[in-house]
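*Asks:* Have a peek at input39.tsv (TSV, C-alpha atoms and all ligand atoms).
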chain	number	residue	atom	x	y	z
A	1	MET	CA	-11.40	18.22	3.92
A	2	THR	CA	-9.16	21.01	5.05
A	3	SER	CA	-5.49	21.47	4.36
A	4	GLN	CA	-4.94	20.34	7.95
A	5	SER	CA	-6.14	16.82	7.16
A	6	ARG	CA	-3.59	14.11	7.70
A	7	VAL	CA	-3.32	10.94	5.64
A	8	LEU	CA	-1.41	7.80	6.49
A	9	SER	CA	-0.93	4.67	4.47
A	10	GLY	CA	1.32	1.64	4.48
A	11	ILE	CA	2.90	-0.70	1.96
A	12	GLN	CA	4.56	-4.05	2.62
A	13	PRO	CA	8.11	-4.69	1.45
A	14	THR	CA	7.24	-7.94	-0.26
A	15	GLY	CA	8.68	-8.85	-3.63
A	16	ASP	CA	11.51	-7.27	-5.51
A	17	SER	CA	9.48	-4.62	-7.27
A	18	MET	CA	6.22	-2.77	-7.14
A	19	GLN	CA	3.77	-3.93	-9.80
A	20	LEU	CA	1.87	-1.69	-12.19
A	21	GLY	CA	-1.54	-2.26	-10.57
A	22	ASN	CA	-0.17	-1.17	-7.22
A	23	TYR	CA	1.34	1.96	-8.73
A	24	LEU	CA	-1.79	2.99	-10.65
A	25	GLY	CA	-4.22	1.87	-7.96
A	26	ALA	CA	-2.49	3.28	-4.89
A	27	VAL	CA	0.96	4.82	-5.08
A	28	ARG	CA	0.04	7.40	-7.71
A	29	ASN	CA	-2.65	8.61	-5.31
A	30	TRP	CA	-0.13	8.84	-2.50
A	31	VAL	CA	2.01	11.08	-4.70
A	32	SER	CA	-0.84	13.45	-5.45
A	33	MET	CA	-1.97	13.52	-1.82
A	34	GLN	CA	1.34	15.07	-0.77
A	35	ASP	CA	-0.21	18.35	-1.86
A	36	GLY	CA	-3.22	19.32	0.19
A	37	TYR	CA	-2.63	16.79	2.98
A	38	GLU	CA	-0.08	16.22	5.65
A	39	ALA	CA	1.05	12.84	4.38
A	40	TYR	CA	2.68	9.95	6.26
A	41	TYR	CA	3.75	6.85	4.35
A	42	CYS	CA	5.09	3.81	6.08
A	43	VAL	CA	6.98	0.78	4.77
A	44	VAL	CA	5.36	-1.85	6.98
A	45	ASP	CA	8.18	-4.32	7.46
A	46	LEU	CA	6.74	-5.67	10.74
A	47	HIS	CA	3.65	-6.78	8.82
A	48	SER	CA	5.76	-8.49	6.20
A	49	ILE	CA	6.93	-11.28	8.51
A	50	THR	CA	3.39	-12.43	9.36
A	51	ILE	CA	3.12	-15.06	6.65
A	52	GLU	CA	6.60	-16.33	6.15
A	53	ALA	CA	9.64	-14.35	7.22
A	54	PRO	CA	12.02	-13.84	4.28
A	55	GLU	CA	15.79	-14.20	4.59
A	56	PRO	CA	17.05	-11.31	6.76
A	57	ALA	CA	19.24	-9.84	4.02
A	58	LEU	CA	16.36	-10.07	1.57
A	59	LEU	CA	13.95	-8.30	3.90
A	60	ARG	CA	16.45	-5.46	4.36
A	61	GLN	CA	16.95	-5.24	0.60
A	62	ARG	CA	13.21	-5.22	-0.08
A	63	THR	CA	12.64	-2.48	2.46
A	64	ARG	CA	15.16	-0.31	0.62
A	65	ILE	CA	13.66	-1.26	-2.74
A	66	VAL	CA	10.14	-0.21	-1.75
A	67	ALA	CA	11.45	3.04	-0.31
A	68	ALA	CA	13.50	3.75	-3.45
A	69	GLN	CA	10.55	2.93	-5.71
A	70	LEU	CA	8.23	5.18	-3.72
A	71	LEU	CA	10.72	8.02	-4.12
A	72	ALA	CA	11.15	7.21	-7.82
A	73	ALA	CA	7.36	7.32	-8.17
A	74	GLY	CA	7.36	10.87	-6.89
A	75	LEU	CA	7.20	10.87	-3.11
A	76	ASP	CA	9.22	13.85	-1.96
A	77	PRO	CA	10.74	13.67	1.53
A	78	GLU	CA	10.30	17.44	1.77
A	79	ARG	CA	6.55	17.18	1.23
A	80	CYS	CA	5.73	13.93	3.01
A	81	THR	CA	7.06	11.77	5.80
A	82	LEU	CA	8.35	8.45	4.49
A	83	PHE	CA	9.52	6.03	7.16
A	84	VAL	CA	10.00	2.40	8.09
A	85	GLN	CA	7.59	0.88	10.61
A	86	SER	CA	10.22	-1.00	12.62
A	87	HIS	CA	12.13	2.27	13.16
A	88	ARG	CA	9.33	3.46	15.42
A	89	PRO	CA	8.86	1.19	18.44
A	90	GLU	CA	5.60	3.02	19.26
A	91	HIS	CA	3.81	0.85	16.69
A	92	THR	CA	4.23	-2.38	18.62
A	93	GLN	CA	3.88	-0.57	21.94
A	94	LEU	CA	0.46	0.80	21.04
A	95	SER	CA	-0.50	-2.43	19.34
A	96	TRP	CA	-0.31	-4.28	22.66
A	97	VAL	CA	-2.82	-1.97	24.30
A	98	LEU	CA	-5.15	-2.25	21.32
A	99	GLU	CA	-4.86	-6.05	21.37
A	100	CYS	CA	-6.11	-5.98	24.92
A	101	ILE	CA	-9.32	-4.18	23.93
A	102	THR	CA	-9.97	-6.27	20.80
A	103	GLY	CA	-12.41	-9.12	21.18
A	104	PHE	CA	-11.16	-12.54	20.14
A	105	GLY	CA	-14.31	-13.07	18.10
A	106	GLU	CA	-13.97	-9.64	16.59
A	107	ALA	CA	-10.44	-10.40	15.35
A	108	ASN	CA	-11.58	-13.81	14.23
A	109	ARG	CA	-14.08	-12.24	11.82
A	110	MET	CA	-11.37	-10.60	9.68
A	111	THR	CA	-11.78	-12.12	6.25
A	112	GLN	CA	-8.19	-11.40	5.22
A	113	PHE	CA	-6.95	-13.60	8.06
A	114	LYS	CA	-9.25	-16.36	6.89
A	115	ASP	CA	-8.07	-15.99	3.27
A	116	LYS	CA	-4.40	-15.79	4.09
A	117	SER	CA	-4.41	-18.64	6.58
A	118	ALA	CA	-6.47	-20.90	4.32
A	119	LYS	CA	-3.38	-22.22	2.55
A	120	SER	CA	-1.45	-23.54	5.51
A	121	GLY	CA	-4.40	-23.95	7.86
A	122	VAL	CA	-5.17	-21.87	10.94
A	123	ASP	CA	-3.41	-24.24	13.32
A	124	ARG	CA	-0.09	-23.82	11.57
A	125	GLN	CA	-0.37	-20.07	11.25
A	126	GLY	CA	1.63	-17.70	13.44
A	127	VAL	CA	-0.38	-15.57	15.85
A	128	GLY	CA	1.09	-12.45	14.18
A	129	LEU	CA	-1.16	-12.95	11.17
A	130	PHE	CA	-4.14	-13.01	13.53
A	131	THR	CA	-3.16	-9.74	15.21
A	132	TYR	CA	-2.05	-8.13	11.91
A	133	PRO	CA	-5.10	-5.82	11.68
A	134	ILE	CA	-4.51	-4.58	15.24
A	135	LEU	CA	-0.95	-3.58	14.41
A	136	GLN	CA	-2.37	-1.85	11.35
A	137	ALA	CA	-4.80	0.04	13.62
A	138	ALA	CA	-1.83	1.15	15.73
A	139	ASP	CA	-0.03	2.39	12.57
A	140	ILE	CA	-2.98	4.63	11.84
A	141	LEU	CA	-4.06	5.77	15.31
A	142	LEU	CA	-0.55	6.79	16.45
A	143	TYR	CA	-0.56	9.56	13.84
A	144	GLN	CA	-4.13	10.77	14.46
A	145	ALA	CA	-4.74	10.26	10.74
A	146	ASN	CA	-7.99	11.60	9.29
A	147	TYR	CA	-7.87	9.59	6.07
A	148	VAL	CA	-6.34	6.29	5.12
A	149	PRO	CA	-5.97	5.75	1.38
A	150	VAL	CA	-6.34	2.00	0.85
A	151	GLY	CA	-7.88	-0.48	-1.53
A	152	GLU	CA	-11.31	-2.01	-1.15
A	153	ASP	CA	-9.74	-5.13	0.43
A	154	GLN	CA	-8.73	-3.07	3.47
A	155	ARG	CA	-12.19	-1.76	4.29
A	156	GLN	CA	-12.77	-4.27	7.09
A	157	HIS	CA	-9.41	-3.45	8.72
A	158	LEU	CA	-10.37	0.22	8.67
A	159	GLU	CA	-13.70	-0.56	10.30
A	160	LEU	CA	-11.84	-2.39	13.06
A	161	THR	CA	-9.49	0.58	13.45
A	162	ARG	CA	-12.46	2.93	13.85
A	163	ASP	CA	-14.14	0.60	16.36
A	164	LEU	CA	-10.98	0.37	18.46
A	165	ALA	CA	-10.47	4.15	18.42
A	166	GLN	CA	-14.06	4.73	19.50
A	167	ARG	CA	-13.90	2.06	22.18
A	168	PHE	CA	-10.71	3.45	23.69
A	169	ASN	CA	-12.02	7.04	23.52
A	170	ALA	CA	-15.29	6.03	25.19
A	171	LYS	CA	-13.51	4.36	28.05
A	172	TYR	CA	-10.59	6.73	28.65
A	173	GLY	CA	-11.64	10.00	27.05
A	174	GLN	CA	-10.71	11.54	23.70
A	175	THR	CA	-7.38	10.06	22.64
A	176	PHE	CA	-7.53	8.97	19.00
A	177	THR	CA	-8.86	10.58	15.85
A	178	VAL	CA	-11.40	8.21	14.29
A	179	PRO	CA	-10.07	7.79	10.73
A	180	ASP	CA	-12.00	7.40	7.49
A	181	ALA	CA	-11.02	5.02	4.75
A	182	PHE	CA	-10.23	6.90	1.58
A	183	ILE	CA	-11.07	4.44	-1.14
A	184	GLY	CA	-10.19	6.34	-4.26
A	185	THR	CA	-12.87	5.98	-6.89
A	186	SER	CA	-10.65	7.58	-9.52
A	187	ALA	CA	-7.84	5.11	-8.91
A	188	ALA	CA	-7.53	2.69	-11.78
A	189	LYS	CA	-8.25	-0.95	-11.00
A	190	ILE	CA	-5.79	-2.90	-13.08
A	191	LEU	CA	-6.47	-6.56	-13.81
A	192	ASP	CA	-4.24	-9.56	-14.39
A	193	LEU	CA	-3.16	-9.70	-18.05
A	194	GLN	CA	-3.67	-13.47	-18.24
A	195	ASP	CA	-6.80	-13.69	-16.12
A	196	PRO	CA	-8.80	-10.46	-16.24
A	197	SER	CA	-11.26	-11.78	-13.67
A	198	ALA	CA	-8.57	-11.15	-11.01
A	199	LYS	CA	-6.77	-8.01	-9.87
A	200	MET	CA	-3.16	-7.63	-10.98
A	201	SER	CA	-1.13	-8.84	-8.00
A	202	LYS	CA	2.32	-9.93	-6.89
A	203	SER	CA	0.84	-13.18	-5.66
A	204	ARG	CA	-0.22	-14.23	-9.17
A	205	PRO	CA	1.89	-15.81	-11.93
A	206	ASP	CA	4.45	-13.53	-13.54
A	207	ALA	CA	3.00	-13.50	-17.05
A	208	GLY	CA	-0.07	-11.57	-15.93
A	209	THR	CA	1.73	-9.02	-13.76
A	210	ILE	CA	3.86	-6.13	-14.95
A	211	TYR	CA	6.60	-5.22	-12.53
A	212	LEU	CA	7.93	-1.69	-12.78
A	213	ALA	CA	11.43	-3.15	-12.68
A	214	ASP	CA	10.74	-5.39	-15.70
A	215	ASP	CA	12.89	-4.56	-18.71
A	216	PRO	CA	11.18	-3.06	-21.77
A	217	ALA	CA	11.27	-6.36	-23.65
A	218	ALA	CA	9.51	-8.19	-20.81
A	219	ILE	CA	6.87	-5.48	-20.47
A	220	THR	CA	6.20	-5.53	-24.20
A	221	ARG	CA	6.03	-9.33	-24.28
A	222	LYS	CA	3.57	-9.50	-21.38
A	223	ILE	CA	1.29	-6.91	-22.96
A	224	LYS	CA	1.42	-8.55	-26.40
A	225	ARG	CA	0.41	-11.86	-24.84
A	226	ALA	CA	-2.39	-10.34	-22.77
A	227	VAL	CA	-5.66	-12.26	-23.01
A	228	THR	CA	-8.32	-10.38	-24.99
A	229	ASP	CA	-11.26	-11.78	-26.97
A	230	ALA	CA	-12.11	-12.88	-30.47
A	231	ASP	CA	-14.41	-10.17	-31.81
A	232	GLY	CA	-11.64	-7.79	-32.85
A	233	ASP	CA	-13.59	-4.73	-31.82
A	234	ILE	CA	-11.80	-2.06	-29.76
A	235	ARG	CA	-14.53	-1.13	-27.31
A	236	TYR	CA	-14.42	-0.28	-23.60
A	237	ASP	CA	-16.79	-2.76	-22.02
A	238	PRO	CA	-15.44	-4.22	-18.76
A	239	GLU	CA	-18.39	-6.62	-18.45
A	240	THR	CA	-18.10	-8.53	-21.70
A	241	LYS	CA	-14.57	-7.51	-22.77
A	242	PRO	CA	-12.56	-7.44	-19.51
A	243	GLY	CA	-9.15	-8.14	-21.04
A	244	LEU	CA	-9.38	-5.54	-23.77
A	245	SER	CA	-10.96	-3.00	-21.44
A	246	ASN	CA	-8.08	-3.52	-19.03
A	247	LEU	CA	-5.61	-2.60	-21.78
A	248	LEU	CA	-7.63	0.53	-22.56
A	249	ALA	CA	-7.66	1.40	-18.85
A	250	ILE	CA	-3.89	0.94	-18.56
A	251	HIS	CA	-3.27	3.11	-21.61
A	252	ALA	CA	-5.66	5.77	-20.32
A	253	ALA	CA	-4.00	5.83	-16.90
A	254	MET	CA	-0.50	5.98	-18.38
A	255	THR	CA	-1.34	8.81	-20.76
A	256	GLY	CA	-3.60	10.79	-18.45
A	257	THR	CA	-6.85	10.35	-20.34
A	258	THR	CA	-10.00	8.22	-20.16
A	259	PRO	CA	-10.66	4.74	-21.57
A	260	ALA	CA	-13.44	6.22	-23.74
A	261	LYS	CA	-11.00	8.63	-25.37
A	262	VAL	CA	-8.48	5.86	-25.94
A	263	GLU	CA	-11.24	3.78	-27.52
A	264	ALA	CA	-12.16	6.64	-29.85
A	265	GLY	CA	-8.52	7.16	-30.81
A	266	PHE	CA	-8.15	3.54	-31.88
A	267	ALA	CA	-11.35	3.31	-33.92
A	268	GLY	CA	-10.84	1.02	-36.89
A	269	GLN	CA	-7.49	-0.31	-35.69
A	270	GLY	CA	-6.56	-3.81	-34.58
A	271	TYR	CA	-5.64	-5.29	-31.21
A	272	GLY	CA	-2.00	-5.54	-32.31
A	273	GLN	CA	-1.76	-1.79	-32.80
A	274	LEU	CA	-3.44	-1.11	-29.49
A	275	LYS	CA	-1.13	-3.50	-27.65
A	276	ALA	CA	1.95	-1.90	-29.19
A	277	ALA	CA	0.78	1.53	-28.03
A	278	VAL	CA	-0.02	0.27	-24.53
A	279	ALA	CA	3.43	-1.31	-24.29
A	280	ASP	CA	5.05	1.95	-25.41
A	281	SER	CA	3.17	3.98	-22.82
A	282	VAL	CA	4.09	1.64	-19.97
A	283	VAL	CA	7.75	1.44	-21.07
A	284	ALA	CA	7.92	5.24	-21.34
A	285	PHE	CA	7.10	5.39	-17.64
A	286	ALA	CA	8.91	2.28	-16.44
A	287	GLN	CA	12.30	3.07	-18.00
A	288	PRO	CA	13.05	6.38	-16.27
A	289	PHE	CA	11.38	4.98	-13.13
A	290	ALA	CA	13.75	2.01	-13.11
A	291	SER	CA	16.85	4.11	-13.65
A	292	ARG	CA	15.84	6.54	-10.88
A	293	THR	CA	15.26	3.54	-8.58
A	294	ARG	CA	18.68	2.15	-9.48
A	295	GLU	CA	20.36	5.49	-8.72
A	296	LEU	CA	18.73	5.63	-5.31
A	297	LEU	CA	19.71	2.04	-4.52
A	298	GLU	CA	23.30	2.74	-5.52
A	299	ASP	CA	23.58	5.06	-2.52
A	300	PRO	CA	21.99	3.07	0.32
A	301	ALA	CA	23.56	5.34	2.95
A	302	GLU	CA	21.71	8.36	1.57
A	303	LEU	CA	18.49	6.33	1.28
A	304	ASP	CA	18.87	5.23	4.90
A	305	ARG	CA	19.39	8.86	5.94
A	306	ILE	CA	16.13	9.87	4.23
A	307	LEU	CA	14.32	7.08	6.10
A	308	ALA	CA	15.96	8.04	9.40
A	309	ARG	CA	14.79	11.63	8.99
A	310	GLY	CA	11.31	10.30	8.25
A	311	ALA	CA	11.33	8.17	11.40
A	312	GLU	CA	12.45	11.19	13.41
A	313	ARG	CA	9.56	13.27	12.08
A	314	ALA	CA	7.18	10.37	12.73
A	315	ARG	CA	8.28	10.37	16.35
A	316	ALA	CA	6.95	13.88	16.85
A	317	LEU	CA	3.42	12.48	16.44
A	318	ALA	CA	3.78	8.87	17.53
A	319	GLY	CA	5.64	9.66	20.77
A	320	PRO	CA	3.01	11.95	22.32
A	321	THR	CA	0.12	9.69	21.24
A	322	LEU	CA	1.76	6.68	22.86
A	323	ALA	CA	2.64	8.61	26.04
A	324	ASP	CA	-0.95	9.85	26.31
A	325	THR	CA	-2.31	6.33	25.78
A	326	TYR	CA	-0.01	4.74	28.37
A	327	ASP	CA	-0.85	7.46	30.86
A	328	LYS	CA	-4.58	6.99	30.35
A	329	VAL	CA	-4.31	3.22	30.77
A	330	GLY	CA	-2.49	3.84	34.05
A	331	PHE	CA	1.02	2.64	33.31
A	332	LEU	CA	3.35	4.31	35.78
A	333	ALA	CA	5.55	6.77	33.94
A	334	PRO	CA	9.27	6.24	34.48
A	335	ALA	CA	10.88	9.02	36.50
A	336	VAL	CA	12.83	11.49	34.36
A	337	GLY	CA	16.52	12.02	35.14
B	1	LIG	N1	-2.67	-4.05	5.31
B	1	LIG	C1	-2.27	-3.08	4.31
B	1	LIG	C2	-2.26	-3.77	2.95
B	1	LIG	O1	-2.11	-4.96	2.87
B	1	LIG	C3	-0.91	-2.51	4.62
B	1	LIG	C4	-0.92	-1.64	5.83
B	1	LIG	C5	-0.31	-1.88	7.02
B	1	LIG	C6	-1.55	-0.37	5.93
B	1	LIG	N2	-0.51	-0.85	7.86
B	1	LIG	C7	-1.27	0.09	7.25
B	1	LIG	C8	-2.34	0.38	5.07
B	1	LIG	C9	-1.77	1.31	7.70
B	1	LIG	C10	-2.83	1.60	5.53
B	1	LIG	C11	-2.54	2.06	6.83
B	1	LIG	O2	-2.37	-3.09	1.96
Have the structure of the file written as structure tokens, please.
*Replies:*
Amino acid sequence: MTSQSRVLSGIQPTGDSMQLGNYLGAVRNWVSMQDGYEAYYCVVDLHSITIEAPEPALLRQRTRIVAAQLLAAGLDPERCTLFVQSHRPEHTQLSWVLECITGFGEANRMTQFKDKSAKSGVDRQGVGLFTYPILQAADILLYQANYVPVGEDQRQHLELTRDLAQRFNAKYGQTFTVPDAFIGTSAAKILDLQDPSAKMSKSRPDAGTIYLADDPAAITRKIKRAVTDADGDIRYDPETKPGLSNLLAIHAAMTGTTPAKVEAGFAGQGYGQLKAAVADSVVAFAQPFASRTRELLEDPAELDRILARGAERARALAGPTLADTYDKVGFLAPAVG
């Protein structure tokens, strides 16, 4: 990878706060990738109406919250481009062309669509959920991104993105960079505190998920009630001791060390002592994070200006890619002037 490499990733403005697993598993990586990569980060509000559109005011608020939390987490508008998907019409404009070269069967094989539509049934699902991965491909291809930092669950969408880029390039000539998924192996995988067989997630019950906006008492309570096991032995063993190992992993990630070192440091101590220390380490991060987020949200005009500047910078890449694509397809360019 050279310093010229470009990364792009997206996050949905769902929920009222980022959760700890999302921060440790993804966002922390985004922050470190600002150095060494040309980084583009997109709040994907268009994607967030594919399941069930929230109240308009709530969607606007959540978009600002995600942006503020990303900045509070360490994204620096001077070192990365942070923008809102709906501010750049090129996303949906490119998406249409990509939809027209995506096979129906190909889209129908996306497992996330199957999972997400399982609840309400395919027949009651909006078509937007079906074309979701194609819009995601447009997000990535518009910026000629080399790497896309995402979780394991996005691997199939990245494969589709690569296939579409290659297909278009083969037919019309070199147009899109074929991106690679960047599935961070060092990123911590944080599990649900109440059910350590599942990933920590916004879509799971509150008691197992730590939100970075939770107050210190709530964070401490959730960690103290985390499911562990009965043998009382502080040992990092994700196979047989998933709950306890998850706590060691959280503490390691929060304090910049490894689970093995945390384990060694707690030799001879009880689960209660470990849990208290884990709670302290999470609160030590979450408290300043929450107050920085609050400060940013208290000045929505300034936040909106940061996002507008991001969208303007995004245009410098998205505009030419879209124009090139439309020209290659054969859409008549409007006369200038
Ligand atoms: N589908 C991604 C997720 O659920 C979000 C996303 C949308 C995204 N567009 C993207 C991720 C482009 C990376 C690049 O996590």
*Asks:* Need to verify the contact set: Tyr40 in chain A, 7 Å, only C-alpha atoms, exclusion of same-chain residues closer than 5 positions in sequence. Can you return it as an mmCIF file with C-alpha atoms, in the frame of the given file?
*Replies:*
data_model
loop_
_atom_site.group_PDB
_atom_site.id
_atom_site.type_symbol
_atom_site.label_atom_id
_atom_site.label_comp_id
_atom_site.auth_asym_id
_atom_site.auth_seq_id
_atom_site.Cartn_x
_atom_site.Cartn_y
_atom_site.Cartn_z
ATOM 1 C CA VAL A 7 -3.320 10.940 5.640
ATOM 2 C CA LEU A 8 -1.410 7.800 6.490
ATOM 3 C CA SER A 9 -0.930 4.670 4.470
ATOM 4 C CA CYS A 80 5.730 13.930 3.010
ATOM 5 C CA THR A 81 7.060 11.770 5.800
ATOM 6 C CA LEU A 82 8.350 8.450 4.490
#
*Asks:* Name the closest residue to ligand LIG 1 (chain B) among the candidates A:Gly121, A:Pro149, A:Pro320, A:Pro13; distances are taken between atoms, counting all atoms listed in the file.
*Replies:*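 Under the stated criterion, the closest residue is A:Pro149.
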*Asks:* Choose the residue, out of A:Gly128, A:Gly151, A:Pro77, A:Gly103, that has the smallest atom-to-atom separation from ligand LIG 1 (chain B); count only C-alpha atoms and all ligand atoms.
*Replies:* A:Gly151
*Asks:* With all atoms listed in the file counted and 8 Å as the cut-off, give the residues of chain A in contact with ligand LIG 1 (chain B), each with its shortest interatomic distance in Å and the pair that gives it, as a Markdown table.
*Replies:*
| residue | atom | partner | partner_atom | distance |
| --- | --- | --- | --- | --- |
| A:Leu8 | CA | B:LIG1 | C11 | 5.9 |
| A:Ser9 | CA | B:LIG1 | C10 | 3.8 |
| A:Gly10 | CA | B:LIG1 | C6 | 3.8 |
| A:Ile11 | CA | B:LIG1 | C3 | 5.0 |
| A:Gln12 | CA | B:LIG1 | C3 | 6.0 |
| A:Cys42 | CA | B:LIG1 | C7 | 7.5 |
| A:Val44 | CA | B:LIG1 | C5 | 5.7 |
| A:His47 | CA | B:LIG1 | C5 | 6.6 |
| A:Tyr132 | CA | B:LIG1 | N1 | 7.8 |
| A:Pro133 | CA | B:LIG1 | N1 | 7.0 |
| A:Leu135 | CA | B:LIG1 | N2 | 7.1 |
| A:Gln136 | CA | B:LIG1 | N2 | 4.1 |
| A:Ala137 | CA | B:LIG1 | C9 | 6.8 |
| A:Asp139 | CA | B:LIG1 | C9 | 5.3 |
| A:Ile140 | CA | B:LIG1 | C9 | 5.4 |
| A:Val148 | CA | B:LIG1 | C10 | 5.9 |
| A:Pro149 | CA | B:LIG1 | C10 | 6.7 |
| A:Val150 | CA | B:LIG1 | C10 | 5.9 |
| A:Gly151 | CA | B:LIG1 | O2 | 7.0 |
| A:Asp153 | CA | B:LIG1 | O2 | 7.8 |
| A:Gln154 | CA | B:LIG1 | N1 | 6.4 |
| A:His157 | CA | B:LIG1 | N1 | 7.6 |
*Asks:* Nearest residue to Ile51 in chain A out of A:Val262, A:Met18, A:Ala217, A:Val127, using only C-alpha atoms?
*Replies:*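 Using only C-alpha atoms, the shortest distance to Ile51 in chain A belongs to A:Val127.
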*Asks:* Taking 5 positions as the minimum chain separation for residues in the same chain, which residues sit within 10 Å of Leu71 in chain A when counting all atoms listed in the file? Answer as a ChimeraX atom specification.
*Replies:* /A:31,65-66,76-77,82,289,292-293,296,303
*Asks:* Counting all atoms listed in the file, write as an mmCIF file with C-alpha atoms, in the frame of the given file all protein and nucleic acid residues lying at most 12 Å from (-12.1, -4.2, -23.4) in the file's frame.
*Replies:*
data_model
loop_
_atom_site.group_PDB
_atom_site.id
_atom_site.type_symbol
_atom_site.label_atom_id
_atom_site.label_comp_id
_atom_site.auth_asym_id
_atom_site.auth_seq_id
_atom_site.Cartn_x
_atom_site.Cartn_y
_atom_site.Cartn_z
ATOM 1 C CA LEU A 191 -6.470 -6.560 -13.810
ATOM 2 C CA LEU A 193 -3.160 -9.700 -18.050
ATOM 3 C CA PRO A 196 -8.800 -10.460 -16.240
ATOM 4 C CA ALA A 226 -2.390 -10.340 -22.770
ATOM 5 C CA VAL A 227 -5.660 -12.260 -23.010
ATOM 6 C CA THR A 228 -8.320 -10.380 -24.990
ATOM 7 C CA ASP A 229 -11.260 -11.780 -26.970
ATOM 8 C CA ALA A 230 -12.110 -12.880 -30.470
ATOM 9 C CA ASP A 231 -14.410 -10.170 -31.810
ATOM 10 C CA GLY A 232 -11.640 -7.790 -32.850
ATOM 11 C CA ASP A 233 -13.590 -4.730 -31.820
ATOM 12 C CA ILE A 234 -11.800 -2.060 -29.760
ATOM 13 C CA ARG A 235 -14.530 -1.130 -27.310
ATOM 14 C CA TYR A 236 -14.420 -0.280 -23.600
ATOM 15 C CA ASP A 237 -16.790 -2.760 -22.020
ATOM 16 C CA PRO A 238 -15.440 -4.220 -18.760
ATOM 17 C CA GLU A 239 -18.390 -6.620 -18.450
ATOM 18 C CA THR A 240 -18.100 -8.530 -21.700
ATOM 19 C CA LYS A 241 -14.570 -7.510 -22.770
ATOM 20 C CA PRO A 242 -12.560 -7.440 -19.510
ATOM 21 C CA GLY A 243 -9.150 -8.140 -21.040
ATOM 22 C CA LEU A 244 -9.380 -5.540 -23.770
ATOM 23 C CA SER A 245 -10.960 -3.000 -21.440
ATOM 24 C CA ASN A 246 -8.080 -3.520 -19.030
ATOM 25 C CA LEU A 247 -5.610 -2.600 -21.780
ATOM 26 C CA LEU A 248 -7.630 0.530 -22.560
ATOM 27 C CA ALA A 249 -7.660 1.400 -18.850
ATOM 28 C CA ILE A 250 -3.890 0.940 -18.560
ATOM 29 C CA HIS A 251 -3.270 3.110 -21.610
ATOM 30 C CA PRO A 259 -10.660 4.740 -21.570
ATOM 31 C CA ALA A 260 -13.440 6.220 -23.740
ATOM 32 C CA VAL A 262 -8.480 5.860 -25.940
ATOM 33 C CA GLU A 263 -11.240 3.780 -27.520
ATOM 34 C CA TYR A 271 -5.640 -5.290 -31.210
ATOM 35 C CA LEU A 274 -3.440 -1.110 -29.490
ATOM 36 C CA LYS A 275 -1.130 -3.500 -27.650
#
*Asks:* Provide range 14-22 of chain A rebuilt to N, CA, C and O atoms, formatted as a short mmCIF file (atom, residue, chain, number, x, y, z; two decimals), in the coordinates of the input.
*Replies:*
data_model
loop_
_atom_site.label_atom_id
_atom_site.label_comp_id
_atom_site.auth_asym_id
_atom_site.auth_seq_id
_atom_site.Cartn_x
_atom_site.Cartn_y
_atom_site.Cartn_z
N THR A 14 7.18 -6.58 0.27
CA THR A 14 7.24 -7.94 -0.26
C THR A 14 7.64 -7.85 -1.72
O THR A 14 7.31 -6.87 -2.38
N GLY A 15 8.32 -8.83 -2.21
CA GLY A 15 8.68 -8.85 -3.63
C GLY A 15 9.85 -7.93 -3.92
O GLY A 15 10.29 -7.16 -3.07
N ASP A 16 10.32 -8.03 -5.15
CA ASP A 16 11.51 -7.27 -5.51
C ASP A 16 11.18 -6.04 -6.32
O ASP A 16 12.06 -5.30 -6.73
N SER A 17 9.90 -5.83 -6.58
CA SER A 17 9.48 -4.62 -7.27
C SER A 17 8.00 -4.39 -7.07
O SER A 17 7.23 -5.32 -6.89
N MET A 18 7.63 -3.15 -7.12
CA MET A 18 6.22 -2.77 -7.14
C MET A 18 5.64 -3.22 -8.48
O MET A 18 6.35 -3.23 -9.49
N GLN A 19 4.37 -3.59 -8.50
CA GLN A 19 3.77 -3.93 -9.80
C GLN A 19 2.88 -2.78 -10.27
O GLN A 19 2.49 -1.92 -9.49
N LEU A 20 2.57 -2.81 -11.56
CA LEU A 20 1.87 -1.69 -12.19
C LEU A 20 0.51 -1.40 -11.54
O LEU A 20 0.13 -0.24 -11.38
N GLY A 21 -0.22 -2.46 -11.16
CA GLY A 21 -1.54 -2.26 -10.57
C GLY A 21 -1.45 -1.53 -9.25
O GLY A 21 -2.29 -0.68 -8.92
N ASN A 22 -0.41 -1.82 -8.49
CA ASN A 22 -0.17 -1.17 -7.22
C ASN A 22 0.17 0.31 -7.41
O ASN A 22 -0.30 1.18 -6.68
#
